[in-house]
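Novice: So here's query-v4.cif (mmCIF, C-alpha atoms).
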data_query
#
loop_
_atom_site.group_PDB
_atom_site.id
_atom_site.type_symbol
_atom_site.label_atom_id
_atom_site.label_comp_id
_atom_site.auth_asym_id
_atom_site.auth_seq_id
_atom_site.Cartn_x
_atom_site.Cartn_y
_atom_site.Cartn_z
ATOM 1 C CA MET A 174 0.000 0.000 0.000
ATOM 2 C CA LYS A 175 1.373 3.394 -1.024
ATOM 3 C CA LEU A 176 0.413 6.748 0.490
ATOM 4 C CA TYR A 177 1.147 9.715 -1.765
ATOM 5 C CA LYS A 178 0.913 13.248 -0.426
ATOM 6 C CA ILE A 179 -0.684 15.465 -3.063
ATOM 7 C CA LYS A 180 -2.055 18.982 -3.065
ATOM 8 C CA GLY A 181 -5.357 18.907 -1.266
ATOM 9 C CA GLY A 182 -5.040 15.518 0.351
ATOM 10 C CA ILE A 183 -3.615 12.015 0.286
ATOM 11 C CA LEU A 184 -3.848 9.422 -2.484
ATOM 12 C CA ILE A 185 -3.651 5.746 -1.532
ATOM 13 C CA ALA A 186 -2.702 3.094 -4.084
ATOM 14 C CA HIS A 187 -3.490 -0.476 -3.074
ATOM 15 C CA GLY A 188 -3.475 -3.313 -5.553
ATOM 16 C CA ALA A 189 -5.380 -2.081 -8.605
ATOM 17 C CA GLY A 190 -7.372 0.464 -6.592
ATOM 18 C CA TYR A 191 -6.841 4.171 -5.920
ATOM 19 C CA TYR A 192 -8.444 6.160 -3.119
ATOM 20 C CA ARG A 193 -8.423 9.842 -2.266
ATOM 21 C CA VAL A 194 -8.350 10.894 1.378
ATOM 22 C CA GLU A 195 -9.481 14.432 2.118
ATOM 23 C CA ARG A 196 -9.881 16.410 5.329
ATOM 24 C CA VAL A 197 -7.695 13.918 7.181
ATOM 25 C CA ASN A 198 -4.625 15.115 9.036
ATOM 26 C CA TRP A 199 -1.447 13.393 7.788
ATOM 27 C CA ASP A 200 0.130 13.250 11.240
ATOM 28 C CA SER A 201 -2.854 11.607 12.896
ATOM 29 C CA LEU A 202 -3.390 9.192 10.003
ATOM 30 C CA VAL A 203 0.122 7.750 9.950
ATOM 31 C CA ASN A 204 0.720 7.769 13.710
ATOM 32 C CA ARG A 205 -1.153 4.583 14.414
ATOM 33 C CA ASN A 206 0.002 1.175 15.499
ATOM 34 C CA HIS A 207 -0.873 -1.523 12.944
ATOM 35 C CA LEU A 208 -1.150 1.172 10.268
ATOM 36 C CA PHE A 209 -1.537 -1.325 7.421
ATOM 37 C CA ASP A 210 -4.486 -3.032 9.110
ATOM 38 C CA TYR A 211 -6.155 0.296 9.874
ATOM 39 C CA LEU A 212 -5.859 1.512 6.277
ATOM 40 C CA SER A 213 -7.041 -1.816 4.883
ATOM 41 C CA ASP A 214 -10.124 -1.718 7.091
ATOM 42 C CA HIS A 215 -10.982 1.864 6.094
ATOM 43 C CA LEU A 216 -10.210 1.903 2.359
ATOM 44 C CA GLU A 217 -13.805 1.624 1.235
ATOM 45 C CA LYS A 218 -14.685 4.671 3.343
ATOM 46 C CA PHE A 219 -12.418 6.808 1.161
ATOM 47 C CA GLN A 220 -13.272 8.188 -2.283
ATOM 48 C CA ARG A 221 -12.416 5.628 -4.963
ATOM 49 C CA LEU A 222 -10.773 7.062 -8.091
ATOM 50 C CA GLU A 223 -10.596 5.865 -11.657
ATOM 51 C CA ALA A 224 -7.094 4.767 -12.661
ATOM 52 C CA ASP A 225 -6.652 7.507 -15.279
ATOM 53 C CA HIS A 226 -7.715 10.196 -12.794
ATOM 54 C CA ALA A 227 -5.259 8.852 -10.217
ATOM 55 C CA ALA A 228 -2.494 8.778 -12.838
ATOM 56 C CA ARG A 229 -3.031 12.475 -13.580
ATOM 57 C CA LEU A 230 -2.858 13.337 -9.905
ATOM 58 C CA LEU A 231 0.415 11.429 -9.561
ATOM 59 C CA GLN A 232 2.087 13.120 -12.519
ATOM 60 C CA GLY A 233 4.535 15.915 -11.919
ATOM 61 C CA LYS A 234 5.901 17.096 -8.594
ATOM 62 C CA LEU A 235 4.623 15.151 -5.603
ATOM 63 C CA LEU A 236 4.820 16.555 -2.110
ATOM 64 C CA PRO A 237 7.244 14.744 0.194
ATOM 65 C CA PRO A 238 5.379 12.296 2.492
ATOM 66 C CA ILE A 239 6.005 14.373 5.591
ATOM 67 C CA ALA A 240 4.198 16.924 7.755
ATOM 68 C CA ARG A 241 5.526 17.671 11.239
ATOM 69 C CA GLN A 242 7.928 14.738 11.360
ATOM 70 C CA GLU A 243 11.652 15.307 11.768
ATOM 71 C CA VAL A 244 14.143 13.576 9.477
ATOM 72 C CA TRP A 245 17.138 11.891 11.100
ATOM 73 C CA ALA A 246 19.919 9.860 9.550
ATOM 74 C CA SER A 247 22.348 7.062 10.339
ATOM 75 C CA GLY A 248 26.011 7.022 9.397
ATOM 76 C CA VAL A 249 28.562 4.319 8.635
ATOM 77 C CA THR A 250 26.068 1.446 8.621
ATOM 78 C CA TYR A 251 27.573 -0.173 5.497
ATOM 79 C CA PHE A 252 31.184 -1.316 5.119
ATOM 80 C CA ARG A 253 31.518 0.707 1.891
ATOM 81 C CA SER A 254 30.556 3.848 3.784
ATOM 82 C CA ARG A 255 33.135 3.068 6.462
ATOM 83 C CA GLU A 256 35.837 2.708 3.791
ATOM 84 C CA ALA A 257 34.868 5.942 2.030
ATOM 85 C CA ARG A 258 34.794 7.992 5.225
ATOM 86 C CA ILE A 259 38.200 6.696 6.305
ATOM 87 C CA GLU A 260 39.678 7.432 2.873
ATOM 88 C CA GLU A 261 38.287 10.960 2.600
ATOM 89 C CA SER A 262 38.893 12.128 6.172
ATOM 90 C CA GLN A 263 41.982 14.155 6.953
ATOM 91 C CA GLY A 264 43.169 12.310 10.038
ATOM 92 C CA GLY A 265 39.679 11.497 11.324
ATOM 93 C CA GLY A 266 39.373 7.968 9.948
ATOM 94 C CA TYR A 267 39.852 6.449 13.393
ATOM 95 C CA PHE A 268 36.434 7.719 14.474
ATOM 96 C CA TYR A 269 34.593 6.187 11.509
ATOM 97 C CA ASP A 270 36.263 2.848 12.063
ATOM 98 C CA ARG A 271 35.265 2.906 15.737
ATOM 99 C CA VAL A 272 31.618 3.831 15.114
ATOM 100 C CA TYR A 273 31.227 1.020 12.583
ATOM 101 C CA GLU A 274 32.262 -1.500 15.245
ATOM 102 C CA ALA A 275 30.702 0.215 18.277
ATOM 103 C CA GLU A 276 27.503 -0.808 20.020
ATOM 104 C CA ARG A 277 26.076 2.718 19.645
ATOM 105 C CA PRO A 278 25.353 3.781 16.048
ATOM 106 C CA GLU A 279 25.994 7.220 14.586
ATOM 107 C CA LEU A 280 22.683 9.126 14.470
ATOM 108 C CA PHE A 281 22.250 12.756 13.544
ATOM 109 C CA PHE A 282 19.503 15.244 12.794
ATOM 110 C CA LYS A 283 19.069 15.734 9.044
ATOM 111 C CA ALA A 284 16.129 17.949 8.097
ATOM 112 C CA THR A 285 12.793 19.505 8.836
ATOM 113 C CA ALA A 286 9.876 19.182 6.438
ATOM 114 C CA ARG A 287 10.648 22.654 5.076
ATOM 115 C CA ARG A 288 14.127 21.592 3.977
ATOM 116 C CA THR A 289 12.831 18.376 2.384
ATOM 117 C CA VAL A 290 11.639 17.980 -1.215
ATOM 118 C CA GLY A 291 9.571 15.279 -2.878
ATOM 119 C CA THR A 292 10.005 13.392 -6.122
ATOM 120 C CA ASN A 293 10.746 15.630 -9.123
ATOM 121 C CA GLY A 294 11.745 18.301 -6.616
ATOM 122 C CA VAL A 295 15.004 20.228 -6.521
ATOM 123 C CA VAL A 296 17.744 19.424 -4.018
ATOM 124 C CA ARG A 297 20.783 21.611 -3.563
ATOM 125 C CA ILE A 298 24.549 21.425 -3.337
ATOM 126 C CA ARG A 299 26.285 23.960 -1.112
ATOM 127 C CA LYS A 300 27.981 26.937 -2.729
ATOM 128 C CA ASP A 301 30.882 26.601 -0.296
ATOM 129 C CA SER A 302 31.547 22.951 -1.150
ATOM 130 C CA SER A 303 33.601 21.502 -3.989
ATOM 131 C CA TRP A 304 32.746 17.794 -3.559
ATOM 132 C CA ASP A 305 29.103 16.754 -3.291
ATOM 133 C CA VAL A 306 27.195 13.487 -3.637
ATOM 134 C CA PRO A 307 23.733 12.056 -3.093
ATOM 135 C CA GLU A 308 23.440 9.236 -0.567
ATOM 136 C CA PRO A 309 20.604 6.844 -1.493
ATOM 137 C CA GLU A 310 19.058 5.367 1.635
ATOM 138 C CA LEU A 311 16.207 3.155 2.717
ATOM 139 C CA THR A 312 14.249 5.393 5.075
ATOM 140 C CA LEU A 313 12.070 4.157 7.918
ATOM 141 C CA PHE A 314 8.876 5.797 9.080
ATOM 142 C CA ILE A 315 8.710 5.293 12.847
ATOM 143 C CA ASN A 316 5.534 6.304 14.666
ATOM 144 C CA LYS A 317 5.398 8.156 17.963
ATOM 145 C CA GLN A 318 5.426 4.826 19.829
ATOM 146 C CA GLY A 319 8.816 3.961 18.284
ATOM 147 C CA LEU A 320 7.397 1.295 15.964
ATOM 148 C CA ILE A 321 8.433 0.986 12.309
ATOM 149 C CA GLN A 322 5.217 1.385 10.304
ATOM 150 C CA GLY A 323 6.422 2.100 6.783
ATOM 151 C CA TYR A 324 9.232 2.928 4.395
ATOM 152 C CA THR A 325 10.198 5.555 1.885
ATOM 153 C CA ILE A 326 13.277 6.470 -0.154
ATOM 154 C CA GLY A 327 15.727 9.050 1.150
ATOM 155 C CA ASN A 328 18.258 11.200 -0.662
ATOM 156 C CA ASP A 329 20.748 12.333 1.980
ATOM 157 C CA MET A 330 22.582 15.098 0.123
ATOM 158 C CA SER A 331 26.102 15.426 1.472
ATOM 159 C CA SER A 332 29.169 17.629 1.136
ATOM 160 C CA ARG A 333 32.097 15.229 1.249
ATOM 161 C CA ALA A 334 34.502 18.187 1.103
ATOM 162 C CA ILE A 335 33.206 19.719 4.332
ATOM 163 C CA GLU A 336 32.916 16.469 6.283
ATOM 164 C CA ALA A 337 36.359 15.387 5.087
ATOM 165 C CA GLU A 338 37.907 18.586 6.402
ATOM 166 C CA ASN A 339 36.794 17.795 9.948
ATOM 167 C CA PRO A 340 34.238 15.252 11.300
ATOM 168 C CA LEU A 341 32.900 17.990 13.589
ATOM 169 C CA TYR A 342 31.668 19.792 10.484
ATOM 170 C CA LEU A 343 29.111 17.025 9.869
ATOM 171 C CA PRO A 344 26.066 19.274 10.567
ATOM 172 C CA GLN A 345 27.243 21.761 7.923
ATOM 173 C CA ALA A 346 27.940 18.956 5.466
ATOM 174 C CA LYS A 347 24.468 17.510 5.950
ATOM 175 C CA VAL A 348 22.011 20.210 7.055
ATOM 176 C CA TYR A 349 21.151 23.140 4.784
ATOM 177 C CA GLU A 350 18.367 24.326 2.477
ATOM 178 C CA GLY A 351 17.196 21.564 0.104
ATOM 179 C CA CYS A 352 19.436 18.988 1.766
ATOM 180 C CA ALA A 353 17.018 16.045 1.689
ATOM 181 C CA GLY A 354 14.688 14.252 -0.687
ATOM 182 C CA LEU A 355 11.900 11.884 0.419
ATOM 183 C CA GLY A 356 9.416 9.940 -1.662
ATOM 184 C CA PRO A 357 7.739 9.195 -3.867
ATOM 185 C CA CYS A 358 5.385 7.758 -1.239
ATOM 186 C CA LEU A 359 5.112 6.195 2.178
ATOM 187 C CA TYR A 360 5.036 2.440 1.588
ATOM 188 C CA VAL A 361 3.057 0.542 4.220
ATOM 189 C CA ASN A 362 2.997 -3.247 4.236
ATOM 190 C CA LYS A 363 1.790 -6.065 6.433
ATOM 191 C CA THR A 364 5.314 -7.488 6.658
ATOM 192 C CA PRO A 365 8.804 -5.900 6.692
ATOM 193 C CA LEU A 366 10.705 -5.378 3.457
ATOM 194 C CA ALA A 367 12.376 -8.521 2.154
ATOM 195 C CA ALA A 368 16.027 -9.008 3.095
ATOM 196 C CA ASP A 369 17.009 -9.174 -0.595
ATOM 197 C CA THR A 370 15.598 -5.688 -1.306
ATOM 198 C CA LYS A 371 17.960 -3.624 -3.469
ATOM 199 C CA ILE A 372 18.750 0.107 -3.536
ATOM 200 C CA ALA A 373 19.697 1.371 -7.016
ATOM 201 C CA LEU A 374 21.238 4.764 -7.774
ATOM 202 C CA GLU A 375 21.484 6.360 -11.212
ATOM 203 C CA ILE A 376 22.871 9.850 -11.845
ATOM 204 C CA LEU A 377 22.294 11.461 -15.220
ATOM 205 C CA ARG A 378 23.987 14.514 -16.722
ATOM 206 C CA GLY A 379 22.468 15.960 -19.840
ATOM 207 C CA GLY A 380 20.214 12.894 -19.997
ATOM 208 C CA THR A 381 23.184 10.498 -20.060
ATOM 209 C CA PRO A 382 23.919 8.131 -17.146
ATOM 210 C CA ILE A 383 27.292 8.983 -15.585
ATOM 211 C CA PHE A 384 27.098 6.790 -12.477
ATOM 212 C CA THR A 385 25.062 3.733 -11.537
ATOM 213 C CA ASN A 386 25.327 1.267 -8.672
ATOM 214 C CA THR A 387 23.213 -1.101 -6.594
ATOM 215 C CA VAL A 388 23.430 -2.442 -3.055
ATOM 216 C CA GLY A 389 21.285 -4.813 -1.020
ATOM 217 C CA ILE A 390 19.873 -3.754 2.323
ATOM 218 C CA ASP A 391 21.183 -7.063 3.686
ATOM 219 C CA LYS A 392 24.642 -5.456 3.563
ATOM 220 C CA MET A 393 23.641 -3.122 6.383
ATOM 221 C CA LYS A 394 25.574 -3.946 9.551
ATOM 222 C CA ARG A 395 22.801 -2.941 11.941
ATOM 223 C CA SER A 396 19.154 -3.956 11.971
ATOM 224 C CA GLN A 397 16.373 -1.453 11.339
ATOM 225 C CA GLU A 398 14.945 -2.115 14.796
ATOM 226 C CA GLU A 399 18.325 -1.455 16.412
ATOM 227 C CA LEU A 400 18.627 1.948 14.738
ATOM 228 C CA ALA A 401 15.066 2.888 15.676
ATOM 229 C CA SER A 402 15.644 1.824 19.278
ATOM 230 C CA PHE A 403 18.720 4.025 19.694
ATOM 231 C CA LEU A 404 16.967 6.993 18.071
ATOM 232 C CA PHE A 405 14.120 6.824 20.571
ATOM 233 C CA ARG A 406 16.394 6.674 23.603
ATOM 234 C CA GLU A 407 15.763 9.858 25.620
ATOM 235 C CA CYS A 408 14.120 11.480 22.592
ATOM 236 C CA ALA A 409 10.381 11.818 21.946
ATOM 237 C CA PHE A 410 8.792 12.314 18.543
ATOM 238 C CA PRO A 411 5.130 13.298 19.072
ATOM 239 C CA TYR A 412 4.405 13.111 15.319
ATOM 240 C CA GLY A 413 6.710 10.185 14.545
ATOM 241 C CA CYS A 414 9.874 10.604 12.515
ATOM 242 C CA TYR A 415 11.796 9.443 9.469
ATOM 243 C CA LEU A 416 15.154 7.727 9.824
ATOM 244 C CA MET A 417 17.527 7.343 6.882
ATOM 245 C CA THR A 418 19.447 4.116 7.458
ATOM 246 C CA GLY A 419 22.787 4.923 5.820
ATOM 247 C CA THR A 420 24.266 4.436 2.384
ATOM 248 C CA GLY A 421 26.138 1.546 0.832
ATOM 249 C CA ILE A 422 26.727 3.381 -2.468
ATOM 250 C CA VAL A 423 29.533 5.936 -2.661
ATOM 251 C CA PRO A 424 30.610 7.390 -6.047
ATOM 252 C CA PRO A 425 34.369 7.471 -6.745
ATOM 253 C CA ASP A 426 36.450 10.288 -5.283
ATOM 254 C CA GLU A 427 36.753 12.082 -8.617
ATOM 255 C CA PHE A 428 32.969 12.397 -8.921
ATOM 256 C CA THR A 429 30.985 15.419 -7.760
ATOM 257 C CA LEU A 430 27.447 16.542 -8.526
ATOM 258 C CA GLN A 431 26.782 19.507 -10.778
ATOM 259 C CA SER A 432 23.775 21.759 -11.181
ATOM 260 C CA ASN A 433 21.049 20.210 -13.372
ATOM 261 C CA ASP A 434 22.156 16.630 -12.681
ATOM 262 C CA GLU A 435 19.281 14.171 -12.298
ATOM 263 C CA ILE A 436 19.347 11.739 -9.361
ATOM 264 C CA ARG A 437 17.202 8.602 -9.550
ATOM 265 C CA ILE A 438 16.959 6.282 -6.528
ATOM 266 C CA THR A 439 14.891 3.118 -6.867
ATOM 267 C CA ILE A 440 13.846 0.733 -4.129
ATOM 268 C CA GLU A 441 11.181 -1.767 -5.123
ATOM 269 C CA PRO A 442 8.415 -2.082 -4.117
ATOM 270 C CA ILE A 443 8.491 1.552 -2.922
ATOM 271 C CA GLY A 444 9.204 3.111 -6.327
ATOM 272 C CA THR A 445 11.650 5.724 -7.636
ATOM 273 C CA LEU A 446 12.610 9.038 -6.067
ATOM 274 C CA VAL A 447 13.715 11.559 -8.715
ATOM 275 C CA ASN A 448 15.526 14.754 -7.717
ATOM 276 C CA TYR A 449 17.199 17.469 -9.746
ATOM 277 C CA VAL A 450 20.212 19.410 -8.528
ATOM 278 C CA ALA A 451 20.008 23.186 -8.162
#
Written as structure tokens, that's how I'd like the structure from this file.

Specialist:
Amino acid sequence: MKLYKIKGGILIAHGAGYYRVERVNWDSLVNRNHLFDYLSDHLEKFQRLEADHAARLLQGKLLPPIARQEVWASGVTYFRSREARIEESQGGGYFYDRVYEAERPELFFKATARRTVGTNGVVRIRKDSSWDVPEPELTLFINKQGLIQGYTIGNDMSSRAIEAENPLYLPQAKVYEGCAGLGPCLYVNKTPLAADTKIALEILRGGTPIFTNTVGIDKMKRSQEELASFLFRECAFPYGCYLMTGTGIVPPDEFTLQSNDEIRITIEPIGTLVNYVA
């Protein structure tokens, strides 16, 4: 089941059916335990749409599936990320190696809803950075009770130049206007995502692919539940939150994003998040 946030409401796609939800608050709708069961039981109470009408509503720029939730992120959860951070850091590699092996994961605040864009939206690279990449990440939706209720795709835009200069510059490397993409929907299922789920990244420049790669979420060192548990220690999220779970895809050191690049991140069965670079 997919929940799309559109202008004027929410569109739910389930099987071959489409339903429009109006005058329902996003925060209250998604912040339920057993969200899939609740939505399944209430589908017929929503306005059913013809497939062609739903297709028109889903064309173009979708709103990110977020209201008053915060977006947080995890670091160094894949071995490839550990390697890249050690290689790029100027004397700070010791810390990345330690956090990969430590009991406590690296968690950091990423974005508010205002700094987050949806699919076909525009993300940004910092003007004071010379080395920038997208980080494609499976993103958990965790409700206010600390329970994982759904998934979306995250684009954790990152300045490798700033973080490489000093690990303490992480907030500046990660948090700025247009620093995050979420979408295209909130995927809610009866069961967790399959262990063989793949994350695929494609970057196009002038319509031509210049970088592609794929990684399985089974390569993640930590479990989703472990990351969620640490995030909710001594921290309350009254509207729930999103948690990006780290990246296992890192472009080569000579690569950096440029304005007008197209970033495509696909995680089936969630879909594809498309962002353009300002």

Novice: Restricting the calculation to all atoms listed in the file: of A:Ala373, A:Ala286, A:Ala337, A:Leu216, which residue gets closest to A:Ile438?

Specialist: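 Closest to A:Ile438 of all the choices is A:Ala373.
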
Novice: Nearest to A:Met174: which of A:Leu212, A:Ile326, A:Leu374, A:Leu202 is it, counting all atoms listed in the file?

Specialist: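 Of A:Leu212, A:Ile326, A:Leu374, A:Leu202, the one nearest A:Met174, counting all atoms listed in the file, is A:Leu212.
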
Novice: On this structure, the PyMOL selection byres ((chain A and resi 191-199) around 9) would catch which residues? List them as a list in words, sorted by chain and number.

Specialist: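 When the PyMOL selection byres ((chain A and resi 191-199) around 9) is applied, the selected residues are Lys178, Gly181, Gly182, Ile183, Leu184, Ile185, Ala186, His187, Gly188, Ala189, Gly190, Asp200, Ser201, Leu202, Val203, Asn204, Leu216, Glu217, Phe219, Gln220, Arg221, Leu222, Glu223, Ala224, Ala227, Pro238, Ile239, Ala240 and Arg241 of chain A.
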
Novice: Calculate how many Å separate atom CA of A:Glu336 from atom CA of A:Thr387, rounding to one decimal.

Specialist: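 These atoms are spaced 23.8 Å apart.
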
Novice: If we count all atoms listed in the file, what is near A:Met330 at a cut-off of 10 Å, once residues fewer than 2 positions away on the same chain are taken out, given as a tab-separated table (two decimals) with C-alpha atoms, in the frame of the given file?

Specialist:
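Listing of selection05.tsv after writing:
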chain	number	residue	atom	x	y	z
A	283	LYS	CA	19.07	15.73	9.04
A	296	VAL	CA	17.74	19.42	-4.02
A	297	ARG	CA	20.78	21.61	-3.56
A	298	ILE	CA	24.55	21.42	-3.34
A	299	ARG	CA	26.28	23.96	-1.11
A	305	ASP	CA	29.10	16.75	-3.29
A	306	VAL	CA	27.20	13.49	-3.64
A	307	PRO	CA	23.73	12.06	-3.09
A	308	GLU	CA	23.44	9.24	-0.57
A	309	PRO	CA	20.60	6.84	-1.49
A	327	GLY	CA	15.73	9.05	1.15
A	328	ASN	CA	18.26	11.20	-0.66
A	332	SER	CA	29.17	17.63	1.14
A	333	ARG	CA	32.10	15.23	1.25
A	346	ALA	CA	27.94	18.96	5.47
A	347	LYS	CA	24.47	17.51	5.95
A	348	VAL	CA	22.01	20.21	7.06
A	349	TYR	CA	21.15	23.14	4.78
A	351	GLY	CA	17.20	21.56	0.10
A	352	CYS	CA	19.44	18.99	1.77
A	353	ALA	CA	17.02	16.05	1.69
A	354	GLY	CA	14.69	14.25	-0.69
A	450	VAL	CA	20.21	19.41	-8.53

Novice: How far is it from atom CA of A:Ile383 to atom CA of A:Asn433, in Å with one decimal?

Specialist: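 Taking atom CA of A:Ile383 and atom CA of A:Asn433, their separation equals 13.0 Å.
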
Novice: Please evaluate the PyMOL selection byres ((chain A and resi 209) around 7) against the displayed coordinates and give the resulting residues as a PyMOL selection string.

Specialist: chain A and resi 207-208+210-213+361-363

Novice: Do you know which residues are at most 8 Å from stretch 400-408 of chain A counting all atoms listed in the file, after dropping those on the same chain fewer than 6 positions away, and could you put them as a PyMOL selection string?

Specialist: chain A and resi 247+277-278+280+315+319-321+416+418

Novice: Print the selection's residues with C-alpha atoms to a file, as a PDB file, keeping the file's coordinate frame.

Specialist:
ATOM      1  CA  SER A 247      22.348   7.062  10.339  1.00  0.00           C
ATOM      2  CA  ARG A 277      26.076   2.718  19.645  1.00  0.00           C
ATOM      3  CA  PRO A 278      25.353   3.781  16.048  1.00  0.00           C
ATOM      4  CA  LEU A 280      22.683   9.126  14.470  1.00  0.00           C
ATOM      5  CA  ILE A 315       8.710   5.293  12.847  1.00  0.00           C
ATOM      6  CA  GLY A 319       8.816   3.961  18.284  1.00  0.00           C
ATOM      7  CA  LEU A 320       7.397   1.295  15.964  1.00  0.00           C
ATOM      8  CA  ILE A 321       8.433   0.986  12.309  1.00  0.00           C
ATOM      9  CA  LEU A 416      15.154   7.727   9.824  1.00  0.00           C
ATOM     10  CA  THR A 418      19.447   4.116   7.458  1.00  0.00           C
TER      11      THR A 418
END

Novice: Restricting the calculation to only C-alpha atoms: of A:Gly419, A:Pro237, A:Pro425, A:Pro357, which residue gets closest to A:Arg287?

Specialist: A:Pro237

Novice: At a cut-off of 10 Å, using all atoms listed in the file, what residues contact A:Pro442? Leave out same-chain residues fewer than 5 positions from it and give the result as an mmCIF file with C-alpha atoms, in the frame of the given file.

Specialist:
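Output saved as out_19.cif:
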data_model
loop_
_atom_site.group_PDB
_atom_site.id
_atom_site.type_symbol
_atom_site.label_atom_id
_atom_site.label_comp_id
_atom_site.auth_asym_id
_atom_site.auth_seq_id
_atom_site.Cartn_x
_atom_site.Cartn_y
_atom_site.Cartn_z
ATOM 1 C CA MET A 174 0.000 0.000 0.000
ATOM 2 C CA LYS A 175 1.373 3.394 -1.024
ATOM 3 C CA TYR A 324 9.232 2.928 4.395
ATOM 4 C CA THR A 325 10.198 5.555 1.885
ATOM 5 C CA TYR A 360 5.036 2.440 1.588
ATOM 6 C CA LEU A 366 10.705 -5.378 3.457
ATOM 7 C CA ALA A 367 12.376 -8.521 2.154
ATOM 8 C CA THR A 370 15.598 -5.688 -1.306
ATOM 9 C CA LYS A 371 17.960 -3.624 -3.469
#

Novice: I'd like to know which of A:Ala284, A:Met417, A:Leu341, A:Ala334 is closest to A:Thr429, using all atoms listed in the file.

Specialist: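 Going through A:Ala284, A:Met417, A:Leu341, A:Ala334 one by one, the smallest distance to A:Thr429 is for A:Ala334.
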
Novice: Near A:Gly413, counting all atoms listed in the file, which residues have an atom at most 6 Å away, once you skip same-chain residues fewer than 2 positions from it, shown as JSON, numbers by chain?

Specialist: {"A": [242, 315, 316, 317, 410, 411]}

Novice: May I have the selected residues written with C-alpha atoms, as a PDB file, keeping the file's coordinate frame?

Specialist:
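As written to disk, result_2.pdb reads:
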ATOM      1  CA  GLN A 242       7.928  14.738  11.360  1.00  0.00           C
ATOM      2  CA  ILE A 315       8.710   5.293  12.847  1.00  0.00           C
ATOM      3  CA  ASN A 316       5.534   6.304  14.666  1.00  0.00           C
ATOM      4  CA  LYS A 317       5.398   8.156  17.963  1.00  0.00           C
ATOM      5  CA  PHE A 410       8.792  12.314  18.543  1.00  0.00           C
ATOM      6  CA  PRO A 411       5.130  13.298  19.072  1.00  0.00           C
TER       7      PRO A 411
END

Novice: To one decimal in Å, tell me the separation between atom CA of A:Leu359 and atom CA of A:Leu377.

Specialist: 25.0 Å

Novice: For stretch 288-294 of chain A, I'd like the enclosing box, axis-aligned and padded by 3 Å on every side, reported as AutoDock Vina command-line options with centre and edge lengths in Å to one decimal.

Specialist:
--center_x 11.8 --center_y 17.5 --center_z -2.6 --size_x 10.6 --size_y 14.2 --size_z 19.1

Novice: Evaluate the PyMOL selection byres ((chain A and resi 231) around 10) on the structure here and hand back the selected residues as a PyMOL selection string.

Specialist: chain A and resi 177-179+184+225-230+232-235+357

Novice: So, counting only C-alpha atoms, which residue among A:Ser302, A:Ser254, A:Ser396, A:Thr292 is closest to A:Thr439?

Specialist: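 Among the listed residues, A:Thr292 lies closest to A:Thr439.
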
Novice: My list of candidates is A:Ile335, A:Val272, A:Asp434, A:Gly291. Which is closest to A:Tyr251 when distances are computed with only C-alpha atoms?

Specialist: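 The answer is A:Val272, which sits nearest to A:Tyr251.
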
Novice: Would you mind putting back N, CA, C and O atoms on stretch 305-313 of chain A, then writing it out as a PDB file, in the frame of the given file?

Specialist:
ATOM      1  N   ASP A 305      30.453  17.011  -3.778  1.00  0.00           N
ATOM      2  CA  ASP A 305      29.103  16.754  -3.291  1.00  0.00           C
ATOM      3  C   ASP A 305      28.521  15.501  -3.940  1.00  0.00           C
ATOM      4  O   ASP A 305      28.718  15.265  -5.143  1.00  0.00           O
ATOM      5  N   VAL A 306      27.786  14.734  -3.141  1.00  0.00           N
ATOM      6  CA  VAL A 306      27.195  13.487  -3.637  1.00  0.00           C
ATOM      7  C   VAL A 306      25.804  13.293  -3.036  1.00  0.00           C
ATOM      8  O   VAL A 306      25.508  13.807  -1.955  1.00  0.00           O
ATOM      9  N   PRO A 307      24.960  12.519  -3.731  1.00  0.00           N
ATOM     10  CA  PRO A 307      23.733  12.056  -3.093  1.00  0.00           C
ATOM     11  C   PRO A 307      24.037  10.769  -2.324  1.00  0.00           C
ATOM     12  O   PRO A 307      24.956  10.023  -2.692  1.00  0.00           O
ATOM     13  N   GLU A 308      23.300  10.504  -1.280  1.00  0.00           N
ATOM     14  CA  GLU A 308      23.440   9.236  -0.567  1.00  0.00           C
ATOM     15  C   GLU A 308      22.073   8.553  -0.560  1.00  0.00           C
ATOM     16  O   GLU A 308      21.166   8.986   0.163  1.00  0.00           O
ATOM     17  N   PRO A 309      21.899   7.523  -1.390  1.00  0.00           N
ATOM     18  CA  PRO A 309      20.604   6.844  -1.493  1.00  0.00           C
ATOM     19  C   PRO A 309      20.376   5.919  -0.302  1.00  0.00           C
ATOM     20  O   PRO A 309      21.205   5.060  -0.006  1.00  0.00           O
ATOM     21  N   GLU A 310      19.241   6.098   0.380  1.00  0.00           N
ATOM     22  CA  GLU A 310      19.058   5.367   1.635  1.00  0.00           C
ATOM     23  C   GLU A 310      17.615   4.883   1.811  1.00  0.00           C
ATOM     24  O   GLU A 310      16.667   5.635   1.572  1.00  0.00           O
ATOM     25  N   LEU A 311      17.488   3.627   2.225  1.00  0.00           N
ATOM     26  CA  LEU A 311      16.207   3.155   2.717  1.00  0.00           C
ATOM     27  C   LEU A 311      15.870   3.978   3.954  1.00  0.00           C
ATOM     28  O   LEU A 311      16.698   4.139   4.853  1.00  0.00           O
ATOM     29  N   THR A 312      14.644   4.497   3.985  1.00  0.00           N
ATOM     30  CA  THR A 312      14.249   5.393   5.075  1.00  0.00           C
ATOM     31  C   THR A 312      13.027   4.824   5.789  1.00  0.00           C
ATOM     32  O   THR A 312      12.030   4.474   5.148  1.00  0.00           O
ATOM     33  N   LEU A 313      13.139   4.722   7.098  1.00  0.00           N
ATOM     34  CA  LEU A 313      12.070   4.157   7.918  1.00  0.00           C
ATOM     35  C   LEU A 313      11.110   5.250   8.368  1.00  0.00           C
ATOM     36  O   LEU A 313      11.547   6.345   8.711  1.00  0.00           O
TER      37      LEU A 313
END
